[in-house]
file final07.txt (compact mmCIF, N, CA and C atoms)
# COMPACT_ATOMS: atom_id res chain seq x y z
N MET A 1107 -60.09 4.09 72.17
CA MET A 1107 -59.45 4.91 71.18
C MET A 1107 -58.43 5.79 71.90
N SER A 1108 -57.22 5.56 71.62
CA SER A 1108 -56.15 6.23 72.32
C SER A 1108 -55.35 7.07 71.33
N HIS A 1109 -55.22 8.35 71.67
CA HIS A 1109 -54.38 9.25 70.86
C HIS A 1109 -53.07 9.45 71.59
N GLU A 1110 -52.04 9.01 70.96
CA GLU A 1110 -50.73 9.24 71.56
C GLU A 1110 -50.07 10.42 70.86
N HIS A 1111 -49.73 11.39 71.64
CA HIS A 1111 -49.06 12.58 71.11
C HIS A 1111 -47.65 12.62 71.67
N THR A 1112 -46.75 12.93 70.81
CA THR A 1112 -45.39 13.11 71.30
C THR A 1112 -45.26 14.50 71.89
N HIS A 1113 -44.22 14.69 72.64
CA HIS A 1113 -43.99 15.98 73.29
C HIS A 1113 -43.85 17.11 72.26
N SER A 1114 -43.22 16.84 71.13
CA SER A 1114 -43.01 17.88 70.14
C SER A 1114 -44.31 18.36 69.52
N GLU A 1115 -45.32 17.50 69.46
CA GLU A 1115 -46.62 17.92 68.92
C GLU A 1115 -47.31 18.88 69.86
N HIS A 1116 -47.11 18.73 71.16
CA HIS A 1116 -47.75 19.61 72.14
C HIS A 1116 -47.07 20.96 72.24
N GLU A 1117 -45.83 21.03 71.84
CA GLU A 1117 -45.11 22.29 71.96
C GLU A 1117 -45.67 23.38 71.04
N HIS A 1118 -46.26 23.01 69.93
CA HIS A 1118 -46.66 23.99 68.93
C HIS A 1118 -48.15 24.32 68.95
N HIS A 1119 -48.90 23.78 69.88
CA HIS A 1119 -50.33 24.07 69.93
C HIS A 1119 -50.56 25.49 70.43
N GLY A 1120 -51.11 26.33 69.58
CA GLY A 1120 -51.50 27.68 69.98
C GLY A 1120 -50.34 28.64 70.19
N HIS A 1121 -49.15 28.27 69.83
CA HIS A 1121 -48.00 29.15 70.01
C HIS A 1121 -47.50 29.62 68.66
N GLN A 1122 -47.36 30.91 68.56
CA GLN A 1122 -46.76 31.46 67.35
C GLN A 1122 -45.28 31.70 67.62
N PRO A 1123 -44.46 31.58 66.62
CA PRO A 1123 -43.03 31.83 66.87
C PRO A 1123 -42.81 33.26 67.33
N THR A 1124 -42.02 33.41 68.37
CA THR A 1124 -41.76 34.76 68.89
C THR A 1124 -40.63 35.37 68.10
N ARG A 1125 -40.86 36.58 67.64
CA ARG A 1125 -39.85 37.32 66.89
C ARG A 1125 -39.54 38.59 67.64
N LYS A 1126 -38.28 38.87 67.78
CA LYS A 1126 -37.88 40.11 68.46
C LYS A 1126 -38.11 41.29 67.53
N ARG A 1127 -38.49 42.41 68.15
CA ARG A 1127 -38.68 43.62 67.35
C ARG A 1127 -37.32 44.11 66.87
N PRO A 1128 -37.26 44.60 65.65
CA PRO A 1128 -35.98 45.15 65.15
C PRO A 1128 -35.53 46.33 66.00
N ILE A 1129 -34.23 46.54 66.03
CA ILE A 1129 -33.66 47.58 66.89
C ILE A 1129 -34.20 48.97 66.55
N HIS A 1130 -34.50 49.24 65.29
CA HIS A 1130 -34.96 50.58 64.93
C HIS A 1130 -36.41 50.83 65.33
N HIS A 1131 -37.05 49.88 65.98
CA HIS A 1131 -38.40 50.09 66.49
C HIS A 1131 -38.40 50.43 67.98
N LYS A 1132 -37.25 50.53 68.57
CA LYS A 1132 -37.15 50.82 70.00
C LYS A 1132 -36.88 52.30 70.21
N TRP A 1133 -37.51 52.91 71.22
CA TRP A 1133 -37.41 54.34 71.43
C TRP A 1133 -36.00 54.76 71.82
N TRP A 1134 -35.30 53.93 72.59
CA TRP A 1134 -33.97 54.32 73.05
C TRP A 1134 -32.95 54.32 71.91
N PHE A 1135 -33.18 53.56 70.86
CA PHE A 1135 -32.30 53.59 69.69
C PHE A 1135 -32.35 54.97 69.05
N TRP A 1136 -33.55 55.49 68.86
CA TRP A 1136 -33.70 56.81 68.23
C TRP A 1136 -33.21 57.92 69.15
N ALA A 1137 -33.38 57.76 70.46
CA ALA A 1137 -32.84 58.75 71.39
C ALA A 1137 -31.31 58.80 71.29
N ALA A 1138 -30.67 57.64 71.17
CA ALA A 1138 -29.22 57.59 71.04
C ALA A 1138 -28.78 58.23 69.72
N ILE A 1139 -29.52 57.99 68.64
CA ILE A 1139 -29.20 58.58 67.35
C ILE A 1139 -29.27 60.11 67.41
N VAL A 1140 -30.33 60.63 68.02
CA VAL A 1140 -30.51 62.08 68.13
C VAL A 1140 -29.38 62.70 68.96
N LEU A 1141 -29.03 62.06 70.08
CA LEU A 1141 -27.95 62.59 70.91
C LEU A 1141 -26.61 62.54 70.17
N MET A 1142 -26.36 61.48 69.43
CA MET A 1142 -25.10 61.36 68.69
C MET A 1142 -25.03 62.42 67.59
N LEU A 1143 -26.12 62.62 66.86
CA LEU A 1143 -26.12 63.64 65.80
C LEU A 1143 -25.97 65.03 66.39
N GLY A 1144 -26.60 65.27 67.53
CA GLY A 1144 -26.44 66.55 68.20
C GLY A 1144 -25.01 66.80 68.61
N ALA A 1145 -24.33 65.78 69.13
CA ALA A 1145 -22.93 65.92 69.50
C ALA A 1145 -22.07 66.20 68.27
N MET A 1146 -22.37 65.57 67.15
CA MET A 1146 -21.61 65.82 65.92
C MET A 1146 -21.80 67.25 65.43
N VAL A 1147 -23.03 67.74 65.50
CA VAL A 1147 -23.31 69.11 65.06
C VAL A 1147 -22.57 70.11 65.95
N ILE A 1148 -22.59 69.89 67.25
CA ILE A 1148 -21.87 70.77 68.17
C ILE A 1148 -20.38 70.74 67.88
N TYR A 1149 -19.84 69.56 67.61
CA TYR A 1149 -18.42 69.42 67.31
C TYR A 1149 -18.05 70.20 66.04
N VAL A 1150 -18.85 70.06 65.01
CA VAL A 1150 -18.56 70.74 63.74
C VAL A 1150 -18.76 72.25 63.87
N MET A 1151 -19.78 72.66 64.57
CA MET A 1151 -20.07 74.09 64.70
C MET A 1151 -19.05 74.80 65.60
N SER A 1152 -18.37 74.08 66.45
CA SER A 1152 -17.41 74.73 67.36
C SER A 1152 -16.15 75.18 66.62
N GLN A 1153 -15.87 74.64 65.45
CA GLN A 1153 -14.76 75.00 64.57
C GLN A 1153 -13.39 74.79 65.22
N ASP A 1154 -13.23 75.14 66.45
CA ASP A 1154 -11.95 74.93 67.13
C ASP A 1154 -12.25 74.16 68.41
N GLU A 1155 -12.09 72.86 68.33
CA GLU A 1155 -12.47 72.03 69.46
C GLU A 1155 -11.38 71.96 70.53
N ALA A 1156 -10.22 72.55 70.27
CA ALA A 1156 -9.14 72.51 71.23
C ALA A 1156 -9.42 73.50 72.37
N LEU A 1157 -9.22 73.06 73.58
CA LEU A 1157 -9.36 73.94 74.73
C LEU A 1157 -7.98 74.42 75.12
N GLY A 1158 -7.84 75.72 75.23
CA GLY A 1158 -6.56 76.29 75.62
C GLY A 1158 -6.37 76.21 77.12
N PRO A 1159 -5.18 76.54 77.59
CA PRO A 1159 -4.94 76.53 79.03
C PRO A 1159 -5.74 77.65 79.70
N ALA A 1160 -5.99 77.46 80.95
CA ALA A 1160 -6.72 78.49 81.70
C ALA A 1160 -5.86 79.76 81.74
N THR A 1161 -6.49 80.88 81.57
CA THR A 1161 -5.74 82.15 81.55
C THR A 1161 -5.44 82.58 82.97
N SER A 1162 -4.18 82.45 83.32
CA SER A 1162 -3.76 82.88 84.67
C SER A 1162 -2.87 84.12 84.59
N GLY A 1163 -2.74 84.69 83.40
CA GLY A 1163 -1.94 85.87 83.23
C GLY A 1163 -0.49 85.57 82.85
N GLN A 1164 -0.09 84.31 82.89
CA GLN A 1164 1.28 83.97 82.54
C GLN A 1164 1.36 83.65 81.05
N GLN A 1165 2.50 84.00 80.48
CA GLN A 1165 2.76 83.68 79.07
C GLN A 1165 3.24 82.23 78.98
N ILE A 1166 2.83 81.58 77.94
CA ILE A 1166 3.29 80.23 77.67
C ILE A 1166 4.61 80.34 76.92
N PRO A 1167 5.66 79.72 77.42
CA PRO A 1167 6.95 79.85 76.75
C PRO A 1167 6.93 79.14 75.38
N ALA A 1168 7.58 79.77 74.43
CA ALA A 1168 7.65 79.19 73.09
C ALA A 1168 8.73 78.11 73.09
N ALA A 1169 8.53 77.13 72.25
CA ALA A 1169 9.53 76.06 72.13
C ALA A 1169 10.76 76.59 71.41
N THR A 1170 11.93 76.26 71.90
CA THR A 1170 13.16 76.71 71.26
C THR A 1170 13.80 75.53 70.55
N PRO A 1171 14.29 75.80 69.35
CA PRO A 1171 14.92 74.69 68.61
C PRO A 1171 16.28 74.36 69.11

call {"tool": "encode", "arguments": {"input": "final07.txt", "output": "structure tokens"}}
result
Amino acid sequence: MSHEHTHSEHEHHGHQPTRKRPIHHKWWFWAAIVLMLGAMVIYVMSQDEALGPATSGQQIPAATP
């Protein structure tokens, strides 16, 4: 009594299909979200995000038309 099995029949014995975990289940995804939201809050709360020139005591000349 001979059982002939093809290779494809042996591939599925005891193996469940592997599924990757969704991205929102990973800790580093949430860490990136928190850091990004924190940066947005800092940006909005700063109201004036422009940095002026270093104060060296000199006046900045006005543009002339």

call {"tool": "atom_distance", "arguments": {"input": "final07.txt", "atom1": "atom N of Val1150 (chain A)", "atom2": "atom C of Phe1135 (chain A)"}}
result
20.6 Å

call {"tool": "atom_distance", "arguments": {"input": "final07.txt", "atom1": "atom N of His1131 (chain A)", "atom2": "CA of Gly1144 (chain A)"}}
result
19.9 Å

call {"tool": "atom_distance", "arguments": {"input": "final07.txt", "atom1": "atom N of Trp1133 (chain A)", "atom2": "atom N of Tyr1149 (chain A)"}}
result
24.5 Å

call {"tool": "axis_aligned_box", "arguments": {"input": "final07.txt", "around": "region 1125-1142 of chain A", "padding_each_side": "6 Å", "output": "AutoDock Vina command-line options"}}
result
--center_x -32.9 --center_y 49.6 --center_z 69.0 --size_x 27.8 --size_y 38.1 --size_z 20.1

call {"tool": "decode", "arguments": {"input": "final07.txt", "residues": "region 1121-1159 of chain A", "atoms": "N, CA and C atoms", "output": "mmCIF file, in the first residue's frame"}}
result
data_model
loop_
_atom_site.group_PDB
_atom_site.id
_atom_site.type_symbol
_atom_site.label_atom_id
_atom_site.label_comp_id
_atom_site.auth_asym_id
_atom_site.auth_seq_id
_atom_site.Cartn_x
_atom_site.Cartn_y
_atom_site.Cartn_z
ATOM 1 N N HIS A 1121 0.721 23.928 8.963
ATOM 2 C CA HIS A 1121 1.116 25.326 8.801
ATOM 3 C C HIS A 1121 -0.113 26.184 8.599
ATOM 4 N N GLN A 1122 -0.180 27.220 9.391
ATOM 5 C CA GLN A 1122 -1.254 28.187 9.198
ATOM 6 C C GLN A 1122 -0.706 29.334 8.366
ATOM 7 N N PRO A 1123 -1.535 29.955 7.573
ATOM 8 C CA PRO A 1123 -1.028 31.075 6.779
ATOM 9 C C PRO A 1123 -0.525 32.190 7.691
ATOM 10 N N THR A 1124 0.644 32.695 7.377
ATOM 11 C CA THR A 1124 1.215 33.764 8.206
ATOM 12 C C THR A 1124 0.651 35.093 7.740
ATOM 13 N N ARG A 1125 0.161 35.857 8.690
ATOM 14 C CA ARG A 1125 -0.384 37.178 8.395
ATOM 15 C C ARG A 1125 0.420 38.194 9.170
ATOM 16 N N LYS A 1126 0.798 39.248 8.500
ATOM 17 C CA LYS A 1126 1.544 40.313 9.170
ATOM 18 C C LYS A 1126 0.593 41.119 10.045
ATOM 19 N N ARG A 1127 1.134 41.578 11.169
ATOM 20 C CA ARG A 1127 0.320 42.420 12.047
ATOM 21 C C ARG A 1127 0.109 43.764 11.383
ATOM 22 N N PRO A 1128 -1.079 44.326 11.517
ATOM 23 C CA PRO A 1128 -1.330 45.658 10.938
ATOM 24 C C PRO A 1128 -0.399 46.700 11.563
ATOM 25 N N ILE A 1129 -0.132 47.738 10.805
ATOM 26 C CA ILE A 1129 0.826 48.759 11.246
ATOM 27 C C ILE A 1129 0.396 49.419 12.553
ATOM 28 N N HIS A 1130 -0.895 49.575 12.786
ATOM 29 C CA HIS A 1130 -1.323 50.270 14.003
ATOM 30 C C HIS A 1130 -1.202 49.392 15.247
ATOM 31 N N HIS A 1131 -0.687 48.193 15.114
ATOM 32 C CA HIS A 1131 -0.439 47.337 16.277
ATOM 33 C C HIS A 1131 1.023 47.387 16.710
ATOM 34 N N LYS A 1132 1.817 48.167 16.044
ATOM 35 C CA LYS A 1132 3.244 48.244 16.371
ATOM 36 C C LYS A 1132 3.507 49.465 17.241
ATOM 37 N N TRP A 1133 4.385 49.325 18.243
ATOM 38 C CA TRP A 1133 4.618 50.391 19.210
ATOM 39 C C TRP A 1133 5.263 51.603 18.558
ATOM 40 N N TRP A 1134 6.145 51.397 17.591
ATOM 41 C CA TRP A 1134 6.851 52.524 16.990
ATOM 42 C C TRP A 1134 5.925 53.373 16.123
ATOM 43 N N PHE A 1135 4.846 52.817 15.618
ATOM 44 C CA PHE A 1135 3.866 53.605 14.869
ATOM 45 C C PHE A 1135 3.233 54.639 15.791
ATOM 46 N N TRP A 1136 2.823 54.213 16.972
ATOM 47 C CA TRP A 1136 2.182 55.129 17.916
ATOM 48 C C TRP A 1136 3.179 56.138 18.471
ATOM 49 N N ALA A 1137 4.432 55.732 18.643
ATOM 50 C CA ALA A 1137 5.454 56.684 19.082
ATOM 51 C C ALA A 1137 5.642 57.782 18.030
ATOM 52 N N ALA A 1138 5.643 57.409 16.757
ATOM 53 C CA ALA A 1138 5.780 58.397 15.686
ATOM 54 C C ALA A 1138 4.574 59.329 15.648
ATOM 55 N N ILE A 1139 3.376 58.794 15.871
ATOM 56 C CA ILE A 1139 2.167 59.615 15.882
ATOM 57 C C ILE A 1139 2.225 60.640 17.013
ATOM 58 N N VAL A 1140 2.627 60.203 18.196
ATOM 59 C CA VAL A 1140 2.701 61.106 19.356
ATOM 60 C C VAL A 1140 3.732 62.208 19.106
ATOM 61 N N LEU A 1141 4.896 61.846 18.562
ATOM 62 C CA LEU A 1141 5.918 62.852 18.278
ATOM 63 C C LEU A 1141 5.441 63.839 17.213
ATOM 64 N N MET A 1142 4.762 63.346 16.194
ATOM 65 C CA MET A 1142 4.271 64.231 15.138
ATOM 66 C C MET A 1142 3.201 65.187 15.675
ATOM 67 N N LEU A 1143 2.280 64.675 16.484
ATOM 68 C CA LEU A 1143 1.250 65.542 17.064
ATOM 69 C C LEU A 1143 1.863 66.565 18.012
ATOM 70 N N GLY A 1144 2.864 66.142 18.768
ATOM 71 C CA GLY A 1144 3.560 67.076 19.647
ATOM 72 C C GLY A 1144 4.231 68.191 18.869
ATOM 73 N N ALA A 1145 4.863 67.850 17.745
ATOM 74 C CA ALA A 1145 5.494 68.872 16.909
ATOM 75 C C ALA A 1145 4.452 69.828 16.340
ATOM 76 N N MET A 1146 3.284 69.315 15.963
ATOM 77 C CA MET A 1146 2.219 70.182 15.444
ATOM 78 C C MET A 1146 1.708 71.140 16.517
ATOM 79 N N VAL A 1147 1.551 70.639 17.734
ATOM 80 C CA VAL A 1147 1.078 71.485 18.832
ATOM 81 C C VAL A 1147 2.095 72.580 19.125
ATOM 82 N N ILE A 1148 3.367 72.237 19.153
ATOM 83 C CA ILE A 1148 4.405 73.239 19.394
ATOM 84 C C ILE A 1148 4.399 74.282 18.287
ATOM 85 N N TYR A 1149 4.235 73.841 17.050
ATOM 86 C CA TYR A 1149 4.205 74.766 15.913
ATOM 87 C C TYR A 1149 3.031 75.744 16.030
ATOM 88 N N VAL A 1150 1.866 75.233 16.362
ATOM 89 C CA VAL A 1150 0.679 76.089 16.466
ATOM 90 C C VAL A 1150 0.774 77.011 17.676
ATOM 91 N N MET A 1151 1.274 76.505 18.779
ATOM 92 C CA MET A 1151 1.354 77.312 19.998
ATOM 93 C C MET A 1151 2.427 78.398 19.899
ATOM 94 N N SER A 1152 3.394 78.242 19.030
ATOM 95 C CA SER A 1152 4.462 79.235 18.930
ATOM 96 C C SER A 1152 3.976 80.523 18.269
ATOM 97 N N GLN A 1153 2.883 80.490 17.543
ATOM 98 C CA GLN A 1153 2.227 81.625 16.895
ATOM 99 C C GLN A 1153 3.115 82.327 15.872
ATOM 100 N N ASP A 1154 4.360 82.532 16.169
ATOM 101 C CA ASP A 1154 5.270 83.163 15.215
ATOM 102 C C ASP A 1154 6.461 82.239 15.052
ATOM 103 N N GLU A 1155 6.408 81.428 14.020
ATOM 104 C CA GLU A 1155 7.450 80.425 13.845
ATOM 105 C C GLU A 1155 8.702 80.980 13.182
ATOM 106 N N ALA A 1156 8.662 82.233 12.745
ATOM 107 C CA ALA A 1156 9.816 82.817 12.087
ATOM 108 C C ALA A 1156 10.882 83.181 13.118
ATOM 109 N N LEU A 1157 12.103 82.844 12.831
ATOM 110 C CA LEU A 1157 13.215 83.218 13.693
ATOM 111 C C LEU A 1157 13.857 84.460 13.116
ATOM 112 N N GLY A 1158 14.003 85.461 13.944
ATOM 113 C CA GLY A 1158 14.624 86.693 13.492
ATOM 114 C C GLY A 1158 16.135 86.568 13.496
ATOM 115 N N PRO A 1159 16.821 87.560 12.960
ATOM 116 C CA PRO A 1159 18.281 87.523 12.979
ATOM 117 C C PRO A 1159 18.796 87.682 14.410
#
